[in-house]
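Text of the file structure.cif, holding mmCIF, C-alpha atoms:
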```
data_work
loop_
_atom_site.label_atom_id
_atom_site.label_comp_id
_atom_site.auth_asym_id
_atom_site.auth_seq_id
_atom_site.Cartn_x
_atom_site.Cartn_y
_atom_site.Cartn_z
CA MET D 1 7.95 -41.97 4.55
CA ASP D 2 10.95 -39.63 4.34
CA ILE D 3 14.12 -39.75 6.39
CA GLY D 4 16.49 -36.93 5.52
CA ALA D 5 16.98 -36.89 1.75
CA LEU D 6 15.66 -40.47 1.37
CA HIS D 7 12.09 -41.46 0.63
CA PHE D 8 10.98 -45.02 1.51
CA GLN D 9 8.32 -46.47 -0.77
CA ASN D 10 7.55 -49.49 1.50
CA PRO D 11 8.14 -48.22 5.06
CA GLU D 12 6.11 -51.11 6.52
CA ALA D 13 9.15 -53.32 5.90
CA PHE D 14 10.83 -51.64 8.88
CA TRP D 15 8.48 -53.62 11.17
CA LEU D 16 10.79 -56.58 10.51
CA LEU D 17 13.45 -54.80 12.55
CA VAL D 18 11.48 -55.59 15.74
CA PHE D 19 12.91 -59.10 15.41
CA VAL D 20 16.47 -57.79 15.72
CA PRO D 21 16.43 -57.37 19.53
CA VAL D 22 14.59 -60.72 19.78
CA LEU D 23 17.34 -62.47 17.82
CA ILE D 24 20.02 -60.75 19.92
CA ALA D 25 18.31 -61.85 23.16
CA LEU D 26 17.91 -65.40 21.81
CA TYR D 27 21.60 -65.57 20.89
CA VAL D 28 22.69 -64.33 24.32
CA TYR D 29 20.37 -66.85 26.00
CA ARG D 30 21.72 -69.75 23.94
CA GLN D 31 25.32 -68.73 24.68
CA ARG D 32 24.70 -68.75 28.41
CA LYS D 33 22.85 -72.07 28.37
CA ARG D 34 25.36 -73.88 26.21
CA LYS D 35 27.51 -76.34 28.21
CA ARG D 36 31.06 -76.91 27.16
CA THR D 37 33.37 -79.62 28.51
CA ILE D 38 37.03 -80.25 27.86
CA LYS D 39 39.44 -82.62 29.48
CA PHE D 40 42.27 -80.82 31.21
CA PRO D 41 45.02 -82.43 33.31
CA ALA D 42 45.00 -79.86 36.11
CA LEU D 43 42.20 -77.48 37.17
CA SER D 44 44.67 -74.90 38.53
CA ILE D 45 46.27 -74.58 35.11
CA ALA D 46 42.86 -74.23 33.41
CA LYS D 47 41.95 -71.34 35.67
CA ARG D 48 45.01 -69.45 34.52
CA ALA D 49 44.07 -69.88 30.86
CA VAL D 50 43.29 -66.57 29.03
CA PRO D 51 40.77 -66.50 26.15
CA SER D 52 42.47 -65.87 22.81
CA ARG D 53 41.62 -63.02 20.46
CA ARG D 54 39.79 -65.44 18.19
CA VAL D 55 37.59 -66.53 21.08
CA ARG D 56 36.81 -62.93 21.99
CA LEU D 57 35.91 -62.09 18.41
CA ARG D 58 33.73 -65.17 17.84
CA HIS D 59 30.56 -63.06 18.14
CA ILE D 60 31.44 -61.21 14.95
CA VAL D 61 29.95 -64.01 12.83
CA PRO D 62 26.36 -63.71 14.11
CA ALA D 63 26.80 -59.91 14.17
CA LEU D 64 27.55 -59.96 10.43
CA ARG D 65 24.44 -62.07 9.81
CA LEU D 66 22.37 -59.63 11.83
CA ALA D 67 23.83 -56.64 9.95
CA ALA D 68 23.02 -58.38 6.64
CA LEU D 69 19.45 -58.86 7.82
CA CYS D 70 19.17 -55.12 8.59
CA CYS D 71 20.52 -54.26 5.12
CA PHE D 72 17.96 -56.55 3.48
CA VAL D 73 15.16 -54.93 5.49
CA VAL D 74 16.24 -51.46 4.37
CA ALA D 75 16.44 -52.67 0.75
CA LEU D 76 12.95 -54.16 1.11
CA ALA D 77 11.69 -50.74 2.26
CA ARG D 78 12.84 -49.39 -1.15
CA PRO D 79 14.83 -46.25 -0.35
CA GLN D 80 14.58 -43.63 -3.07
CA ASN D 81 16.27 -40.33 -3.70
CA ALA D 82 13.59 -37.65 -4.08
CA MET D 83 14.45 -34.94 -6.58
CA GLU D 84 12.20 -31.88 -6.55
CA VAL D 85 11.20 -30.61 -9.97
CA GLU D 86 9.42 -27.27 -10.25
CA TYR D 87 7.36 -26.23 -13.21
CA THR D 88 6.65 -22.53 -13.44
CA ASN D 89 3.49 -21.33 -15.08
CA THR D 90 3.44 -17.61 -15.73
CA ASP D 91 1.54 -15.20 -17.93
CA GLY D 92 4.77 -13.22 -18.26
CA VAL D 93 5.71 -9.69 -19.18
CA ASP D 94 7.38 -8.79 -22.47
CA ILE D 95 9.66 -5.78 -22.00
CA MET D 96 11.48 -3.82 -24.70
CA LEU D 97 14.21 -1.50 -23.47
CA ALA D 98 14.59 1.50 -25.82
CA LEU D 99 17.93 3.18 -25.15
CA ASP D 100 19.14 6.51 -26.53
CA VAL D 101 22.66 6.11 -28.00
CA SER D 102 23.08 9.62 -29.38
CA GLY D 103 26.44 11.30 -28.79
CA SER D 104 25.08 13.45 -25.95
CA MET D 105 24.77 10.29 -23.85
CA GLY D 106 28.53 10.62 -23.33
CA THR D 107 27.97 13.81 -21.26
CA LEU D 108 29.59 13.84 -17.81
CA ASP D 109 26.92 15.56 -15.74
CA MET D 110 25.65 12.81 -13.41
CA LEU D 111 28.90 12.45 -11.46
CA THR D 112 29.06 12.41 -7.70
CA ARG D 113 31.47 14.87 -6.09
CA ALA D 114 33.88 12.05 -5.36
CA GLU D 115 33.83 10.84 -8.96
CA GLN D 116 34.30 14.38 -10.30
CA ALA D 117 37.26 14.93 -7.98
CA LYS D 118 38.74 11.58 -9.06
CA LEU D 119 38.49 12.42 -12.76
CA GLY D 120 39.80 15.94 -12.15
CA VAL D 121 43.19 14.65 -11.03
CA MET D 122 43.51 12.12 -13.86
CA ASN D 123 45.10 12.82 -17.23
CA ALA D 124 42.26 14.14 -19.40
CA GLU D 125 43.86 13.21 -22.73
CA ARG D 126 44.50 9.64 -21.62
CA ILE D 127 40.93 9.28 -20.33
CA LEU D 128 39.55 10.66 -23.59
CA ASN D 129 41.67 8.50 -25.87
CA SER D 130 41.06 5.31 -23.90
CA GLY D 131 37.31 5.91 -23.72
CA GLU D 132 37.40 5.25 -19.98
CA TYR D 133 35.23 8.32 -19.35
CA TRP D 134 32.22 6.51 -20.84
CA LYS D 135 31.58 4.58 -17.63
CA TYR D 136 31.07 7.93 -15.85
CA SER D 137 28.75 9.26 -18.55
CA ARG D 138 24.97 9.18 -18.85
CA MET D 139 25.40 6.10 -21.04
CA GLY D 140 27.66 4.32 -18.56
CA TYR D 141 25.28 4.85 -15.67
CA ALA D 142 22.29 3.84 -17.81
CA GLN D 143 24.03 0.61 -18.86
CA GLY D 144 24.77 -0.31 -15.25
CA VAL D 145 21.27 0.40 -13.96
CA ILE D 146 19.58 -1.37 -16.89
CA ALA D 147 21.84 -4.39 -16.35
CA ASP D 148 20.70 -4.58 -12.70
CA PHE D 149 17.09 -4.30 -13.87
CA ILE D 150 17.54 -7.23 -16.28
CA GLN D 151 19.15 -9.41 -13.61
CA LYS D 152 16.19 -8.89 -11.27
CA ARG D 153 13.78 -10.39 -13.80
CA HIS D 154 13.33 -14.17 -13.89
CA SER D 155 10.64 -15.29 -16.31
CA ASP D 156 10.04 -12.33 -18.61
CA ARG D 157 11.21 -11.89 -22.16
CA ILE D 158 13.32 -8.76 -22.55
CA GLY D 159 14.65 -7.11 -25.70
CA LEU D 160 16.83 -4.10 -26.48
CA SER D 161 16.32 -1.36 -29.06
CA ALA D 162 18.82 1.47 -29.58
CA PHE D 163 18.19 4.76 -31.29
CA GLY D 164 20.24 7.78 -32.34
CA SER D 165 19.91 9.21 -35.82
CA ARG D 166 18.10 5.97 -36.63
CA ALA D 167 16.69 3.06 -34.64
CA VAL D 168 18.11 -0.47 -34.60
CA THR D 169 17.13 -3.64 -32.78
CA GLN D 170 20.07 -4.77 -30.73
CA CYS D 171 18.37 -7.84 -29.26
CA PRO D 172 14.86 -9.25 -29.89
CA LEU D 173 12.73 -10.47 -27.00
CA THR D 174 14.61 -13.24 -25.23
CA LEU D 175 15.00 -15.17 -22.00
CA ASP D 176 18.75 -15.45 -22.56
CA TYR D 177 19.69 -12.68 -20.15
CA GLY D 178 23.39 -13.52 -20.39
CA SER D 179 23.52 -12.71 -24.09
CA LEU D 180 21.35 -9.64 -23.59
CA LEU D 181 23.74 -8.27 -20.96
CA GLU D 182 26.70 -8.77 -23.28
CA ILE D 183 24.90 -6.87 -26.05
CA LEU D 184 24.00 -4.10 -23.61
CA LYS D 185 27.67 -3.65 -22.71
CA ALA D 186 28.46 -2.88 -26.35
CA THR D 187 25.83 -0.18 -26.86
CA ASP D 188 28.28 2.60 -25.98
CA GLU D 189 30.08 1.76 -29.23
CA LEU D 190 26.96 2.93 -31.10
CA ALA D 191 27.16 6.26 -29.27
CA LYS D 192 30.66 6.69 -30.72
CA ASP D 193 29.42 6.02 -34.27
CA SER D 194 29.01 9.41 -35.96
CA ILE D 195 26.29 8.06 -38.31
CA ILE D 196 24.05 6.84 -35.50
CA ALA D 197 25.09 9.24 -32.73
CA GLY D 198 24.54 12.48 -34.61
CA ARG D 199 20.87 13.11 -33.79
CA THR D 200 18.00 11.68 -31.71
CA ALA D 201 15.05 9.80 -33.20
CA ILE D 202 12.87 9.11 -30.17
CA GLY D 203 9.71 8.35 -32.19
CA ASP D 204 11.52 5.87 -34.43
CA GLY D 205 13.14 4.26 -31.39
CA LEU D 206 9.73 3.72 -29.83
CA MET D 207 8.30 2.36 -33.08
CA ASN D 208 11.21 -0.06 -33.39
CA ALA D 209 10.46 -1.39 -29.90
CA LEU D 210 6.74 -1.63 -30.68
CA ALA D 211 7.48 -3.67 -33.81
CA ARG D 212 9.05 -6.31 -31.58
CA LEU D 213 5.99 -6.36 -29.32
CA GLN D 214 3.40 -6.35 -32.08
CA LYS D 215 2.96 -10.12 -32.22
CA SER D 216 3.55 -10.70 -28.52
CA GLU D 217 0.89 -12.74 -26.72
CA ALA D 218 2.11 -11.75 -23.26
CA LYS D 219 -0.45 -10.56 -20.75
CA SER D 220 1.53 -7.37 -20.22
CA LYS D 221 3.64 -5.56 -22.83
CA VAL D 222 5.95 -2.75 -21.78
CA VAL D 223 8.48 -0.34 -23.29
CA VAL D 224 10.97 1.45 -21.06
CA LEU D 225 12.38 4.33 -23.10
CA LEU D 226 15.41 6.26 -21.86
CA THR D 227 16.66 9.44 -23.52
CA ASP D 228 18.59 12.59 -22.65
CA GLY D 229 17.29 14.95 -25.33
CA ARG D 230 14.49 15.83 -27.69
CA ASP D 231 13.30 14.28 -30.94
CA ASN D 232 14.95 15.83 -34.00
CA ALA D 233 15.35 12.98 -36.48
CA SER D 234 12.26 10.73 -36.42
CA VAL D 235 10.13 9.84 -39.38
CA ILE D 236 7.27 9.13 -36.96
CA SER D 237 6.83 11.58 -34.10
CA PRO D 238 6.94 10.30 -30.50
CA VAL D 239 3.30 11.27 -29.93
CA ARG D 240 2.17 9.38 -33.06
CA ALA D 241 4.22 6.39 -31.91
CA ALA D 242 2.45 6.63 -28.54
CA ASP D 243 -0.89 6.34 -30.37
CA VAL D 244 0.36 3.12 -31.97
CA ALA D 245 1.47 1.83 -28.57
CA GLN D 246 -1.95 2.60 -27.14
CA SER D 247 -3.66 0.66 -29.94
CA LEU D 248 -1.38 -2.33 -29.29
CA GLY D 249 -2.01 -2.24 -25.56
CA VAL D 250 1.63 -1.45 -24.80
CA LYS D 251 2.49 0.60 -21.72
CA VAL D 252 5.38 3.03 -22.16
CA TYR D 253 7.54 4.29 -19.31
CA THR D 254 9.69 7.25 -20.33
CA VAL D 255 12.87 8.22 -18.51
CA GLY D 256 14.71 11.51 -19.05
CA VAL D 257 18.32 11.62 -17.87
CA GLY D 258 20.69 14.53 -17.32
CA LYS D 259 20.81 17.69 -15.23
CA ARG D 260 18.22 20.38 -15.87
CA ARG D 261 20.73 23.16 -15.36
CA GLY D 262 24.23 23.82 -14.08
CA LYS D 263 27.75 22.89 -15.14
CA ILE D 264 29.00 19.88 -17.08
CA LEU D 265 32.48 18.38 -16.74
CA ALA D 266 33.93 18.44 -20.24
CA PHE D 267 37.13 18.06 -22.23
CA GLN D 268 38.71 21.22 -23.60
CA GLN D 269 41.52 21.62 -26.09
CA ASN D 270 44.13 24.34 -26.06
CA PRO D 271 43.91 25.97 -29.52
CA TRP D 272 47.66 26.74 -29.55
CA THR D 273 49.16 23.52 -28.20
CA GLY D 274 46.33 21.04 -28.89
CA GLU D 275 46.61 19.78 -25.31
CA ILE D 276 43.46 18.15 -23.85
CA SER D 277 42.49 19.13 -20.31
CA TRP D 278 39.47 19.17 -18.04
CA GLY D 279 37.03 22.07 -18.06
CA GLU D 280 33.42 22.96 -17.36
CA ARG D 281 30.63 24.35 -19.50
CA ASP D 282 27.00 25.34 -18.98
CA ILE D 283 24.08 23.18 -20.06
CA THR D 284 22.44 24.84 -23.07
CA PRO D 285 18.65 24.96 -23.63
CA GLU D 286 19.07 22.78 -26.72
CA GLU D 287 20.44 19.98 -24.54
CA GLU D 288 17.48 19.85 -22.17
CA VAL D 289 15.16 16.85 -22.13
CA ASP D 290 11.81 17.35 -23.85
CA GLU D 291 9.80 16.55 -20.72
CA SER D 292 6.43 17.62 -22.12
CA THR D 293 6.63 15.15 -25.04
CA LEU D 294 7.87 12.31 -22.83
CA LYS D 295 5.07 12.97 -20.34
CA GLU D 296 2.48 12.92 -23.13
CA VAL D 297 3.83 9.64 -24.52
CA ALA D 298 3.68 8.00 -21.07
CA ALA D 299 0.23 9.38 -20.27
CA LYS D 300 -1.27 8.17 -23.57
CA THR D 301 -0.19 4.59 -22.90
CA GLY D 302 -0.92 4.37 -19.16
CA GLY D 303 2.76 4.57 -18.27
CA LYS D 304 4.68 7.14 -16.28
CA PHE D 305 7.38 9.75 -16.90
CA TYR D 306 10.50 9.87 -14.71
CA ARG D 307 13.39 12.29 -14.49
CA ALA D 308 16.87 11.28 -13.26
CA GLU D 309 19.62 13.82 -12.63
CA ASN D 310 22.02 11.36 -10.98
CA LYS D 311 22.73 7.67 -10.72
CA GLU D 312 20.82 7.20 -7.46
CA GLN D 313 17.63 8.62 -8.95
CA LEU D 314 18.05 6.41 -12.02
CA GLU D 315 18.39 3.33 -9.81
CA GLU D 316 15.23 4.27 -7.90
CA ILE D 317 13.31 4.74 -11.16
CA TYR D 318 14.16 1.30 -12.57
CA SER D 319 13.52 -0.27 -9.18
CA GLU D 320 10.03 1.28 -9.15
CA ILE D 321 9.33 0.08 -12.69
CA ASP D 322 10.53 -3.38 -11.67
CA GLN D 323 7.99 -3.40 -8.82
CA LEU D 324 5.17 -2.04 -11.01
CA GLU D 325 5.68 -4.72 -13.65
CA LYS D 326 6.03 -7.80 -11.49
CA THR D 327 5.04 -11.12 -13.04
CA GLU D 328 2.51 -13.32 -11.31
CA ILE D 329 4.11 -16.76 -11.09
CA GLU D 330 2.33 -20.00 -10.26
CA THR D 331 4.70 -22.80 -9.35
CA VAL D 332 3.73 -26.48 -9.31
CA ALA D 333 6.18 -28.84 -7.65
CA TYR D 334 6.65 -32.46 -8.65
CA ALA D 335 9.00 -35.09 -7.31
CA ARG D 336 10.96 -37.71 -9.21
CA TYR D 337 12.37 -40.68 -7.36
CA ALA D 338 15.49 -42.68 -8.13
CA GLU D 339 15.76 -46.17 -6.64
CA LYS D 340 18.55 -46.47 -4.05
CA PHE D 341 17.96 -50.01 -2.67
CA TYR D 342 20.72 -51.61 -4.75
CA PRO D 343 23.60 -50.57 -2.46
CA TRP D 344 21.75 -51.96 0.57
CA LEU D 345 21.06 -55.23 -1.24
CA LEU D 346 24.69 -55.56 -2.29
CA ALA D 347 25.88 -54.67 1.21
CA GLY D 348 23.65 -57.38 2.69
CA ALA D 349 24.91 -59.97 0.21
CA PHE D 350 28.51 -58.99 0.93
CA LEU D 351 27.97 -59.35 4.70
CA ILE D 352 26.41 -62.81 4.22
CA LEU D 353 29.39 -63.94 2.10
CA LEU D 354 31.81 -62.55 4.68
CA GLU D 355 29.92 -64.31 7.47
CA LEU D 356 30.07 -67.64 5.60
CA LEU D 357 33.76 -67.17 4.86
CA LEU D 358 34.69 -66.43 8.47
CA ALA D 359 32.40 -69.13 9.87
CA ASN D 360 34.15 -71.76 7.75
CA THR D 361 37.72 -70.54 8.17
CA ARG D 362 38.84 -68.31 11.01
CA PHE D 363 35.91 -69.00 13.32
CA VAL D 364 35.09 -72.55 12.34
CA ARG D 365 33.28 -74.43 15.09
CA ILE D 366 34.52 -77.82 16.26
CA PRO D 367 31.72 -80.08 17.54
#
```
Please, can you express the file's structure as structure tokens?
Amino acid sequence: MDIGALHFQNPEAFWLLVFVPVLIALYVYRQRKRKRTIKFPALSIAKRAVPSRRVRLRHIVPALRLAALCCFVVALARPQNAMEVEYTNTDGVDIMLALDVSGSMGTLDMLTRAEQAKLGVMNAERILNSGEYWKYSRMGYAQGVIADFIQKRHSDRIGLSAFGSRAVTQCPLTLDYGSLLEILKATDELAKDSIIAGRTAIGDGLMNALARLQKSEAKSKVVVLLTDGRDNASVISPVRAADVAQSLGVKVYTVGVGKRRGKILAFQQNPWTGEISWGERDITPEEEVDESTLKEVAAKTGGKFYRAENKEQLEEIYSEIDQLEKTEIETVAYARYAEKFYPWLLAGAFLILLELLLANTRFVRIP
């Protein structure tokens, strides 16, 4: 039996409360039938007598006894505090996020018009020196969208691999999303490292992610690889790495970021004064994403290739991947109970002691 947040182990004890109205009726009956006599010199004076406060409050003694009885009945019913405990049983998905940290990820080509206008009126040299422009870059947008993707997951292990001129594991598969998000925030520092940021090793980046999934026993194993260029530094080609992924049963989603054509907001330096200002330049063919290779990698592994030219498209892509790789969760609920009858027992004992104290002092009866 449950009443609100309390569970009663022995609810049949509440049947004892049916005697409460019987006891009240019996007390009222006895009070009316009781005859009291007192010698008084004059009846007219007796009629003017007003009952004192003590007389009016004399019923508090049996009321305390009755309240104590109710407390003992509740204690006998064994109230308990039910605490729900959920155990989640899931096959789980292991996801490695492979992120391109080459220098080109600092390109400012995914800006909205409002953001481009905002940057255009700001001091270019200050923005460059402070590194503030990174949050408007391909890398900045990728970090934000990937962070949202991580926060939407609940019971999957997620890891992070970064690749530029070489591939490094930033975070192995983990359920500690807080630590993973902190590591993700620092990946733009790798893109500023000339040793790592110089070139793009897509195949090695994929292999690094696969190494972390090799011994995984998860029902589903996934790599989400994001890049803005083409492979020019790998020891193992992306297509060969895709063959390895296929043999391991790993699905690879590839994401290409950056505009296909058009202008890029860029910093320019005056050759005479050295002053840094804003300018624009065209996207060169060498900067274009190698879509054919990324499509082949995805197709070989049963994944899918996506192309994002702005932040909104990138958000939609990771949202779709999130839906495609949902974990089937089976939840079993248990309840633990903590005994709560002690306060009722103590309250009943206190009321009995108070009733005895008042009955033998303030409201003592004279025969």
### Query
Given the choices D:Val28, D:Met139, D:Leu128, D:Ala77, which gets closest to Ala191 (chain D) if the distance is worked out from only C-alpha atoms?
D:Met139
### Task
For the structure provided, state which residues fall under the PyMOL selection byres ((chain D and resi 108) around 7), and present them as a list in words.
Gly106, Thr107, Asp109, Met110, Leu111, Tyr136, Ser137, Arg138, Ile264, Leu265 and Ala266 of chain D
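Comparing D:Asn310, D:Ser104, D:Ser216, D:Gln246 by their smallest distance to Arg230 (chain D), the closest is D:Ser104 (using only C-alpha atoms).
Coordinates place CA of Val223 (chain D) at a distance of 7.7 Å from CA of Leu210 (chain D).
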### Query
Skipping near chain neighbours, those fewer than 3 positions away, what residues fall within 6 Å of Cys71 (chain D) using all atoms listed in the file, listed as a PyMOL selection string?
chain D and resi 68+74+344+348
As a check of understanding, name the residues that the PyMOL selection byres ((chain D and resi 95-100) around 6) selects in the supplied structure, as a tab-separated table (two decimals) with C-alpha atoms, in the frame of the given file.
```tsv
chain	number	residue	atom	x	y	z
D	94	ASP	CA	7.38	-8.79	-22.47
D	101	VAL	CA	22.66	6.11	-28.00
D	102	SER	CA	23.08	9.62	-29.38
D	158	ILE	CA	13.32	-8.76	-22.55
D	159	GLY	CA	14.65	-7.11	-25.70
D	160	LEU	CA	16.83	-4.10	-26.48
D	161	SER	CA	16.32	-1.36	-29.06
D	162	ALA	CA	18.82	1.47	-29.58
D	163	PHE	CA	18.19	4.76	-31.29
D	209	ALA	CA	10.46	-1.39	-29.90
D	222	VAL	CA	5.95	-2.75	-21.78
D	223	VAL	CA	8.48	-0.34	-23.29
D	224	VAL	CA	10.97	1.45	-21.06
D	225	LEU	CA	12.38	4.33	-23.10
D	226	LEU	CA	15.41	6.26	-21.86
D	227	THR	CA	16.66	9.44	-23.52
```
### Message
Would you compute the distance between CA of Leu314 (chain D) and CA of Asn232 (chain D)? Give it in Å to one decimal.
### Response
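Between CA of Leu314 (chain D) and CA of Asn232 (chain D) the gap works out to 24.1 Å.
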### Selection result for the PyMOL selection byres ((chain D and resi 270-287) around 12) on this file, as JSON, numbers by chain
{"D": [102, 103, 104, 105, 107, 108, 109, 116, 117, 118, 119, 120, 121, 122, 123, 124, 125, 126, 127, 128, 129, 133, 199, 200, 227, 228, 229, 230, 231, 232, 256, 257, 258, 259, 260, 261, 262, 263, 264, 265, 266, 267, 268, 269, 288, 289, 290, 291]}
